[in-house]
$ cat start-v4.txt   # compact mmCIF, C-alpha atoms
# COMPACT_ATOMS: atom_id res chain seq x y z
CA MET A 1 -14.31 -25.09 23.30
CA THR A 2 -10.96 -24.98 25.04
CA PRO A 3 -8.14 -26.04 22.69
CA THR A 4 -5.23 -28.09 23.95
CA ASN A 5 -2.68 -26.63 21.50
CA TYR A 6 -2.05 -23.95 18.89
CA LYS A 7 -3.26 -26.12 16.01
CA GLU A 8 -6.64 -26.75 17.61
CA ALA A 9 -7.00 -23.05 18.38
CA LEU A 10 -6.30 -22.10 14.77
CA ASP A 11 -8.60 -24.82 13.44
CA TRP A 12 -11.37 -23.26 15.52
CA ALA A 13 -10.50 -19.77 14.28
CA PHE A 14 -10.35 -20.85 10.63
CA LEU A 15 -13.78 -22.49 10.83
CA LEU A 16 -15.38 -19.51 12.55
CA LEU A 17 -13.97 -17.05 9.99
CA GLN A 18 -15.00 -19.26 7.08
CA GLU A 19 -18.54 -19.35 8.42
CA ALA A 20 -18.46 -15.54 8.65
CA ASN A 21 -17.28 -15.33 5.01
CA CYS A 22 -14.05 -13.73 6.14
CA ASP A 23 -10.44 -14.59 5.30
CA PRO A 24 -9.54 -17.56 7.54
CA GLU A 25 -5.82 -16.92 7.02
CA ALA A 26 -6.18 -13.65 8.94
CA ALA A 27 -6.29 -15.57 12.21
CA GLU A 28 -2.92 -17.18 11.60
CA TYR A 29 -1.45 -13.86 10.45
CA VAL A 30 -2.58 -12.09 13.61
CA LEU A 31 -1.42 -14.90 15.87
CA LEU A 32 2.03 -14.89 14.26
CA GLU A 33 2.30 -11.13 14.65
CA ARG A 34 1.14 -11.20 18.27
CA GLN A 35 3.70 -13.90 19.08
CA ASP A 36 6.42 -12.32 16.92
CA TRP A 37 6.71 -15.66 15.15
CA ARG A 38 7.45 -16.73 11.63
CA LYS A 39 5.58 -19.56 9.94
CA THR A 40 8.35 -21.99 10.90
CA ASP A 41 7.89 -21.06 14.58
CA LEU A 42 4.24 -22.01 14.33
CA LEU A 43 5.07 -25.33 12.68
CA LEU A 44 7.50 -26.09 15.50
CA ASN A 45 5.01 -25.14 18.21
CA GLU A 46 1.61 -26.08 16.78
CA ARG A 47 1.30 -29.15 19.07
CA GLN A 48 2.45 -27.21 22.14
CA PRO A 49 -0.15 -26.16 24.75
CA ILE A 50 -1.52 -22.69 24.00
CA PRO A 51 -1.22 -20.40 27.05
CA SER A 52 -4.52 -19.11 28.37
CA LYS A 53 -3.57 -15.46 27.71
CA VAL A 54 -2.74 -16.26 24.08
CA TRP A 55 -6.02 -18.15 23.67
CA GLN A 56 -8.01 -15.30 25.19
CA GLN A 57 -6.32 -12.78 22.89
CA LEU A 58 -6.97 -15.00 19.86
CA GLN A 59 -10.66 -15.23 20.73
CA GLN A 60 -10.89 -11.45 20.97
CA ASP A 61 -9.03 -11.02 17.70
CA VAL A 62 -11.16 -13.53 15.84
CA ALA A 63 -14.33 -11.83 17.05
CA GLN A 64 -13.05 -8.60 15.49
CA LEU A 65 -11.86 -10.30 12.30
CA ALA A 66 -15.28 -11.92 11.90
CA THR A 67 -16.79 -8.46 11.43
CA GLY A 68 -14.64 -8.03 8.32
CA LEU A 69 -12.08 -5.80 10.03
CA PRO A 70 -8.74 -6.18 8.18
CA ALA A 71 -6.01 -7.78 10.25
CA GLN A 72 -3.70 -4.79 9.74
CA TYR A 73 -6.25 -2.38 11.21
CA LEU A 74 -6.75 -4.75 14.13
CA LEU A 75 -3.01 -4.82 14.82
CA GLY A 76 -2.56 -1.14 14.01
CA TYR A 77 0.28 -1.73 11.59
CA ALA A 78 1.25 -3.27 8.25
CA TRP A 79 4.54 -4.34 6.70
CA PHE A 80 5.75 -2.71 3.49
CA ASP A 81 9.15 -3.19 1.87
CA GLY A 82 10.53 -4.34 5.22
CA LEU A 83 9.13 -1.32 7.08
CA LYS A 84 6.63 -1.59 9.93
CA LEU A 85 4.06 1.13 9.29
CA SER A 86 1.22 2.34 11.47
CA VAL A 87 -2.10 2.20 9.63
CA ASP A 88 -5.64 3.13 10.56
CA SER A 89 -8.96 3.85 8.90
CA ALA A 90 -7.55 7.10 7.44
CA THR A 91 -5.10 5.19 5.25
CA LEU A 92 -5.18 2.32 2.80
CA ILE A 93 -3.38 -0.84 3.84
CA PRO A 94 -0.17 -0.97 1.75
CA ARG A 95 -0.17 -3.89 -0.67
CA GLN A 96 2.61 -6.22 -1.75
CA GLU A 97 2.00 -5.27 -5.38
CA THR A 98 3.00 -1.69 -4.61
CA GLU A 99 6.37 -2.92 -3.37
CA GLU A 100 7.01 -3.90 -6.98
CA LEU A 101 6.57 -0.27 -8.02
CA VAL A 102 9.23 0.77 -5.49
CA SER A 103 11.51 -2.00 -6.76
CA TRP A 104 11.08 -0.81 -10.34
CA ILE A 105 12.17 2.70 -9.37
CA SER A 106 15.18 1.20 -7.59
CA GLU A 107 16.18 -0.56 -10.79
CA CYS A 108 16.40 2.77 -12.59
CA TYR A 109 18.74 4.66 -10.24
CA PRO A 110 21.78 3.87 -8.08
CA ALA A 111 21.14 3.88 -4.34
CA ALA A 112 23.69 6.67 -3.84
CA ALA A 113 21.92 9.00 -6.30
CA ARG A 114 20.92 12.46 -5.10
CA LEU A 115 17.40 12.76 -6.44
CA ARG A 116 14.23 14.65 -5.67
CA PHE A 117 11.20 12.40 -5.27
CA LEU A 118 7.53 13.36 -5.02
CA ASP A 119 4.96 10.85 -3.79
CA ILE A 120 1.43 12.05 -4.60
CA GLY A 121 -1.30 10.57 -2.40
CA THR A 122 1.10 9.12 0.12
CA GLY A 123 -1.47 7.68 2.57
CA SER A 124 0.49 5.95 5.33
CA GLY A 125 3.72 7.14 3.68
CA ALA A 126 4.59 3.65 2.45
CA ILE A 127 6.09 4.52 -0.95
CA ALA A 128 7.78 7.71 0.23
CA LEU A 129 9.36 6.04 3.26
CA ALA A 130 10.54 3.04 1.24
CA LEU A 131 12.15 5.39 -1.29
CA GLN A 132 13.83 7.45 1.44
CA ARG A 133 15.29 4.30 2.94
CA ARG A 134 16.47 2.98 -0.44
CA PHE A 135 17.87 6.37 -1.53
CA PRO A 136 19.28 7.91 1.67
CA GLN A 137 21.07 10.76 -0.18
CA SER A 138 17.84 11.88 -1.85
CA THR A 139 15.06 14.26 -0.88
CA VAL A 140 11.54 12.85 -0.64
CA VAL A 141 8.42 15.01 -0.61
CA ALA A 142 5.02 13.43 0.10
CA THR A 143 1.55 14.90 -0.32
CA ASP A 144 -2.00 13.84 0.44
CA ILE A 145 -5.39 15.50 0.32
CA SER A 146 -6.21 13.97 3.72
CA SER A 147 -4.79 15.68 6.79
CA GLU A 148 -5.62 12.55 8.81
CA ALA A 149 -3.57 10.38 6.46
CA LEU A 150 -0.65 12.80 6.72
CA LYS A 151 -0.76 12.47 10.51
CA VAL A 152 -0.24 8.73 10.11
CA ALA A 153 2.54 9.22 7.53
CA SER A 154 4.29 11.76 9.75
CA LYS A 155 4.06 9.37 12.70
CA ASN A 156 5.67 6.65 10.58
CA ALA A 157 8.45 8.95 9.40
CA THR A 158 9.23 9.91 12.99
CA ALA A 159 9.19 6.30 14.21
CA LEU A 160 11.48 5.17 11.39
CA GLN A 161 13.70 8.26 11.64
CA LEU A 162 13.37 8.92 7.92
CA PRO A 163 13.33 12.62 6.92
CA LEU A 164 10.35 13.37 4.68
CA THR A 165 8.71 16.69 3.80
CA PHE A 166 4.90 16.60 3.89
CA TYR A 167 2.36 18.90 2.23
CA GLN A 168 -1.40 18.66 2.49
CA GLY A 169 -3.59 19.39 -0.52
CA ASP A 170 -5.16 18.17 -3.75
CA LEU A 171 -2.49 16.97 -6.21
CA TRP A 172 -0.31 19.87 -7.40
CA GLN A 173 -2.14 22.39 -5.22
CA ALA A 174 -0.36 20.89 -2.23
CA LEU A 175 3.06 22.08 -3.42
CA PRO A 176 4.53 25.50 -2.60
CA LYS A 177 4.99 27.67 -5.69
CA ASP A 178 8.76 27.79 -5.19
CA GLU A 179 9.16 24.00 -4.86
CA PRO A 180 12.02 22.84 -7.16
CA LEU A 181 11.39 20.36 -9.96
CA PHE A 182 11.48 16.62 -9.27
CA ASP A 183 13.53 13.83 -10.81
CA VAL A 184 10.88 11.22 -9.98
CA ILE A 185 7.17 11.59 -9.32
CA VAL A 186 5.33 8.50 -8.12
CA SER A 187 1.67 7.93 -7.37
CA ASN A 188 -0.65 5.12 -6.40
CA PRO A 189 -3.87 7.15 -6.63
CA PRO A 190 -7.52 6.17 -6.27
CA TYR A 191 -8.37 4.19 -9.43
CA ILE A 192 -11.49 2.11 -8.75
CA ALA A 193 -14.67 2.94 -10.67
CA ALA A 194 -17.85 3.38 -8.63
CA ASP A 195 -19.60 0.57 -10.52
CA GLU A 196 -17.02 -1.93 -9.22
CA LYS A 197 -18.36 -1.71 -5.68
CA LYS A 198 -20.63 -4.70 -6.26
CA VAL A 199 -17.66 -7.04 -6.81
CA MET A 200 -15.32 -5.65 -4.16
CA ASP A 201 -14.19 -7.42 -1.03
CA TYR A 202 -16.40 -6.53 1.95
CA SER A 203 -13.50 -5.61 4.22
CA VAL A 204 -11.96 -3.23 1.67
CA LEU A 205 -15.26 -1.56 0.83
CA ASN A 206 -16.41 -1.15 4.42
CA PHE A 207 -13.21 -0.41 6.32
CA GLU A 208 -10.67 1.27 4.03
CA PRO A 209 -11.05 5.00 3.19
CA GLN A 210 -13.32 5.48 0.17
CA THR A 211 -11.58 8.66 -0.93
CA ALA A 212 -8.39 6.64 -1.41
CA LEU A 213 -10.19 3.95 -3.41
CA PHE A 214 -12.60 5.53 -5.89
CA ALA A 215 -12.19 8.03 -8.71
CA ASP A 216 -14.48 9.48 -11.39
CA HIS A 217 -14.30 8.73 -15.13
CA GLN A 218 -14.23 4.97 -14.59
CA GLY A 219 -11.39 5.36 -12.11
CA LEU A 220 -9.21 7.40 -14.48
CA ALA A 221 -9.82 10.95 -13.23
CA ILE A 222 -6.59 11.32 -11.25
CA TYR A 223 -4.47 9.99 -14.11
CA GLU A 224 -6.05 12.56 -16.43
CA ARG A 225 -5.11 15.31 -13.98
CA LEU A 226 -1.60 13.93 -13.56
CA ALA A 227 -1.10 13.84 -17.31
CA ALA A 228 -2.32 17.41 -17.73
CA ASN A 229 0.30 18.95 -15.44
CA VAL A 230 3.07 16.53 -14.60
CA ALA A 231 5.47 17.98 -17.19
CA HIS A 232 5.50 21.28 -15.26
CA TYR A 233 6.86 19.56 -12.15
CA LEU A 234 9.36 17.08 -13.62
CA GLN A 235 12.94 17.67 -14.62
CA PRO A 236 13.39 17.39 -18.43
CA LYS A 237 14.64 13.81 -18.10
CA GLY A 238 12.44 12.98 -15.12
CA ASN A 239 10.22 9.93 -14.70
CA LEU A 240 6.63 9.46 -13.57
CA PHE A 241 5.83 6.06 -12.04
CA MET A 242 2.26 4.96 -11.29
CA GLU A 243 0.21 2.02 -10.16
CA PHE A 244 -3.20 1.38 -11.71
CA GLY A 245 -5.97 -1.22 -11.95
CA TYR A 246 -5.36 -4.43 -13.85
CA GLN A 247 -7.88 -3.51 -16.59
CA GLN A 248 -6.69 0.06 -17.11
CA ALA A 249 -3.43 -0.35 -19.03
CA VAL A 250 -4.84 0.56 -22.44
CA ALA A 251 -6.60 3.64 -21.07
CA ILE A 252 -3.52 4.76 -19.13
CA GLN A 253 -1.33 4.45 -22.21
CA SER A 254 -3.84 6.41 -24.28
CA ILE A 255 -4.19 9.23 -21.70
CA PHE A 256 -0.46 9.87 -21.42
CA GLN A 257 0.46 9.37 -25.07
CA THR A 258 -2.30 11.77 -26.10
CA THR A 259 -1.55 14.42 -23.48
CA LEU A 260 2.25 14.04 -23.61
CA PRO A 261 3.03 13.05 -27.23
CA ASN A 262 6.78 13.66 -26.77
CA HIS A 263 7.01 11.17 -23.90
CA GLN A 264 7.25 7.39 -23.82
CA VAL A 265 4.89 5.18 -21.81
CA GLU A 266 6.17 1.84 -20.50
CA ILE A 267 3.79 -0.67 -18.94
CA ARG A 268 5.02 -3.32 -16.52
CA ARG A 269 3.26 -6.44 -15.23
CA ASP A 270 3.11 -7.48 -11.58
CA MET A 271 4.00 -10.83 -10.03
CA ALA A 272 0.60 -12.20 -11.04
CA ASN A 273 1.31 -11.17 -14.66
CA TRP A 274 -1.29 -8.38 -14.70
CA PRO A 275 -0.34 -5.01 -16.27
CA ARG A 276 -0.35 -2.85 -13.12
CA MET A 277 2.40 -0.22 -13.38
CA ALA A 278 3.45 2.51 -15.78
CA ARG A 279 6.51 4.65 -16.33
CA VAL A 280 6.22 7.89 -18.29
CA TYR A 281 9.51 9.44 -19.41

$ encode --input "start-v4.txt" --output "structure tokens"
Amino acid sequence: MTPTNYKEALDWAFLLLQEANCDPEAAEYVLLERQDWRKTDLLLNERQPIPSKVWQQLQQDVAQLATGLPAQYLLGYAWFDGLKLSVDSATLIPRQETEELVSWISECYPAAARLRFLDIGTGSGAIALALQRRFPQSTVVATDISSEALKVASKNATALQLPLTFYQGDLWQALPKDEPLFDVIVSNPPYIAADEKKVMDYSVLNFEPQTALFADHQGLAIYERLAANVAHYLQPKGNLFMEFGYQQAVAIQSIFQTTLPNHQVEIRRDMANWPRMARVY
């Protein structure tokens, strides 16, 4: 098949990806990114002849997407809070839901505040970089157990010219002993239980890093460890912000209220009305 225009090319791509049980919208997303177009640009040009180079690239991209490869890994980048971030198989693809966590933090402090932030399990650096951009007078420290993930995060910080401090290690062990206390600690840790693998999306399960997805104790192990020690690293009036799975709100509230009885736990729902974020203060 040789399409005569963009619409025919995308119709072909959609059908092929549907038959492969892959997300058909990924083809349009990749085409728009390759062309540096918005959706309106596609609508204006969908009946225009598709250049042979664009068609050849689309065929190559669709062949990759049909294997289940996420579009962001194919392109080598993802968008988060307006930032273009390099991503690869060492890092999770930043999600739109996590932008809501960053927005919640921004509601709590003025942009000119001079704060100390800690992002635990930074991955590509998405949360830490978004916070540094939103709070330019603040200091942002980011940690991850994966040295490969930190390479990606450091690359992003350099490209965006945002000054972050990175430490490699497992939770609190990553921090130097003389590291000052933090005003805000934020984490989007692994929270999927192993028994959920059977219902997970193929592309997530087979392409994104498992160590950033799964945790013991029905996905709650990292939250238990955060609760046990977070008070030693926060300022007296500091805040802990976290993302968690949509079925974990009750367990999260119980863990932190039991371990930190003098603290309050606030749960917030995401744009889909699922309880997905917590603030401990």

$ closest_residue --input "start-v4.txt" --among "A:Ala278, A:Leu171, A:Ala126, A:Ala194" --to "Leu85 in chain A" --atoms "all atoms listed in the file"
A:Ala126

$ atom_distance --input "start-v4.txt" --atom1 "CA of Met1 in chain A" --atom2 "CA of Leu43 in chain A"
22.1 Å

$ closest_atom_pairs --input "start-v4.txt" --of "range 185-210 of chain A" --to "range 127-141 of chain A" --cutoff "10 Å" --atoms "all atoms listed in the file" --output "CSV"
residue,atom,partner,partner_atom,distance
A:Ile185,CA,A:Val141,CA,9.4
A:Val186,CA,A:Ile127,CA,8.2
A:Ser187,CA,A:Ile127,CA,8.5
A:Asn188,CA,A:Ile127,CA,8.7

$ closest_residue --input "start-v4.txt" --among "A:Leu181, A:Val199, A:Glu266, A:Met271" --to "Lys237 in chain A" --atoms "only C-alpha atoms"
A:Leu181

$ closest_residue --input "start-v4.txt" --among "A:Thr67, A:Gln48, A:Gln35, A:Gln60" --to "Glu8 in chain A" --atoms "only C-alpha atoms"
A:Gln48

$ atom_distance --input "start-v4.txt" --atom1 "CA of Asn21 in chain A" --atom2 "CA of Thr40 in chain A"
27.1 Å

$ atom_distance --input "start-v4.txt" --atom1 "CA of Glu179 in chain A" --atom2 "CA of Arg116 in chain A"
10.7 Å

$ residues_around --input "start-v4.txt" --residues "Gly121 in chain A" --least-positions-apart "5" --cutoff "12 Å" --atoms "all atoms listed in the file" --output "number ranges by chain"
A: 91-92, 126-128, 141-147, 149-150, 153, 166-172, 174, 185-191, 211-213, 222, 226, 242-243

$ closest_residue --input "start-v4.txt" --among "A:Leu65, A:Val230, A:Val87, A:Val265" --to "Ser154 in chain A" --atoms "all atoms listed in the file"
A:Val87

$ residues_near_point --input "start-v4.txt" --point "(-13.5, 3.0, -8.8)" --cutoff "7 Å" --atoms "all atoms listed in the file" --output "PDB file with C-alpha atoms, in the coordinates of the input"
ATOM      1  CA  TYR A 191      -8.370   4.190  -9.430  1.00  0.00           C
ATOM      2  CA  ILE A 192     -11.490   2.110  -8.750  1.00  0.00           C
ATOM      3  CA  ALA A 193     -14.670   2.940 -10.670  1.00  0.00           C
ATOM      4  CA  ALA A 194     -17.850   3.380  -8.630  1.00  0.00           C
ATOM      5  CA  ASP A 195     -19.600   0.570 -10.520  1.00  0.00           C
ATOM      6  CA  GLU A 196     -17.020  -1.930  -9.220  1.00  0.00           C
ATOM      7  CA  LEU A 213     -10.190   3.950  -3.410  1.00  0.00           C
ATOM      8  CA  PHE A 214     -12.600   5.530  -5.890  1.00  0.00           C
ATOM      9  CA  ALA A 215     -12.190   8.030  -8.710  1.00  0.00           C
ATOM     10  CA  GLN A 218     -14.230   4.970 -14.590  1.00  0.00           C
ATOM     11  CA  GLY A 219     -11.390   5.360 -12.110  1.00  0.00           C
TER      12      GLY A 219
END

$ closest_atom_pairs --input "start-v4.txt" --of "range 44-158 of chain A" --to "range 244-259 of chain A" --cutoff "12 Å" --atoms "only C-alpha atoms" --output "JSON lines"
{"residue": "A:Glu97", "atom": "CA", "partner": "A:Phe244", "partner_atom": "CA", "distance": 10.6}
{"residue": "A:Thr98", "atom": "CA", "partner": "A:Phe244", "partner_atom": "CA", "distance": 9.9}
{"residue": "A:Leu101", "atom": "CA", "partner": "A:Phe244", "partner_atom": "CA", "distance": 10.6}

$ closest_residue --input "start-v4.txt" --among "A:Lys84, A:Trp12, A:Ala63, A:Arg47" --to "Leu160 in chain A" --atoms "all atoms listed in the file"
A:Lys84

$ decode --input "start-v4.txt" --residues "range 19-43 of chain A" --atoms "N, CA and C atoms" --output "compact mmCIF listing (two decimals), in the first residue's frame"
# COMPACT_ATOMS: atom_id res chain seq x y z
N GLU A 19 -4.52 -4.61 14.96
CA GLU A 19 -4.35 -6.04 14.72
C GLU A 19 -3.25 -6.63 15.58
N ALA A 20 -2.27 -5.81 15.95
CA ALA A 20 -1.16 -6.26 16.80
C ALA A 20 -1.49 -6.10 18.29
N ASN A 21 -2.74 -5.69 18.59
CA ASN A 21 -3.16 -5.43 19.97
C ASN A 21 -2.30 -4.39 20.65
N CYS A 22 -1.93 -3.39 19.89
CA CYS A 22 -1.16 -2.27 20.42
C CYS A 22 -1.98 -0.98 20.29
N ASP A 23 -1.57 0.05 21.01
CA ASP A 23 -2.30 1.31 21.02
C ASP A 23 -2.24 1.98 19.65
N PRO A 24 -3.36 2.06 18.94
CA PRO A 24 -3.32 2.67 17.60
C PRO A 24 -3.02 4.16 17.63
N GLU A 25 -3.33 4.82 18.75
CA GLU A 25 -3.07 6.25 18.85
C GLU A 25 -1.58 6.56 18.87
N ALA A 26 -0.76 5.56 19.17
CA ALA A 26 0.69 5.79 19.22
C ALA A 26 1.23 6.24 17.87
N ALA A 27 0.64 5.75 16.79
CA ALA A 27 1.11 6.14 15.45
C ALA A 27 0.92 7.63 15.22
N GLU A 28 -0.24 8.13 15.57
CA GLU A 28 -0.50 9.56 15.41
C GLU A 28 0.43 10.38 16.30
N TYR A 29 0.61 9.92 17.54
CA TYR A 29 1.49 10.64 18.47
C TYR A 29 2.90 10.75 17.90
N VAL A 30 3.43 9.65 17.40
CA VAL A 30 4.79 9.66 16.86
C VAL A 30 4.88 10.52 15.61
N LEU A 31 3.89 10.42 14.74
CA LEU A 31 3.90 11.25 13.54
C LEU A 31 3.90 12.73 13.89
N LEU A 32 3.05 13.12 14.84
CA LEU A 32 2.99 14.53 15.25
C LEU A 32 4.33 14.98 15.82
N GLU A 33 4.95 14.15 16.63
CA GLU A 33 6.24 14.51 17.21
C GLU A 33 7.32 14.61 16.14
N ARG A 34 7.33 13.66 15.22
CA ARG A 34 8.34 13.70 14.13
C ARG A 34 8.19 14.96 13.28
N GLN A 35 6.95 15.37 13.07
CA GLN A 35 6.69 16.54 12.21
C GLN A 35 6.72 17.85 13.00
N ASP A 36 6.81 17.73 14.34
CA ASP A 36 6.71 18.91 15.20
C ASP A 36 5.38 19.62 14.96
N TRP A 37 4.32 18.82 14.90
CA TRP A 37 2.97 19.32 14.67
C TRP A 37 2.13 19.19 15.94
N ARG A 38 1.10 20.01 15.97
CA ARG A 38 0.02 19.82 16.93
C ARG A 38 -1.14 19.13 16.21
N LYS A 39 -2.14 18.74 16.96
CA LYS A 39 -3.29 18.06 16.36
C LYS A 39 -3.94 18.91 15.28
N THR A 40 -4.01 20.22 15.51
CA THR A 40 -4.62 21.10 14.50
C THR A 40 -3.83 21.10 13.19
N ASP A 41 -2.50 20.97 13.29
CA ASP A 41 -1.69 20.89 12.07
C ASP A 41 -2.04 19.65 11.25
N LEU A 42 -2.27 18.55 11.96
CA LEU A 42 -2.64 17.33 11.25
C LEU A 42 -4.00 17.48 10.58
N LEU A 43 -4.94 18.09 11.28
CA LEU A 43 -6.27 18.29 10.70
C LEU A 43 -6.20 19.16 9.45
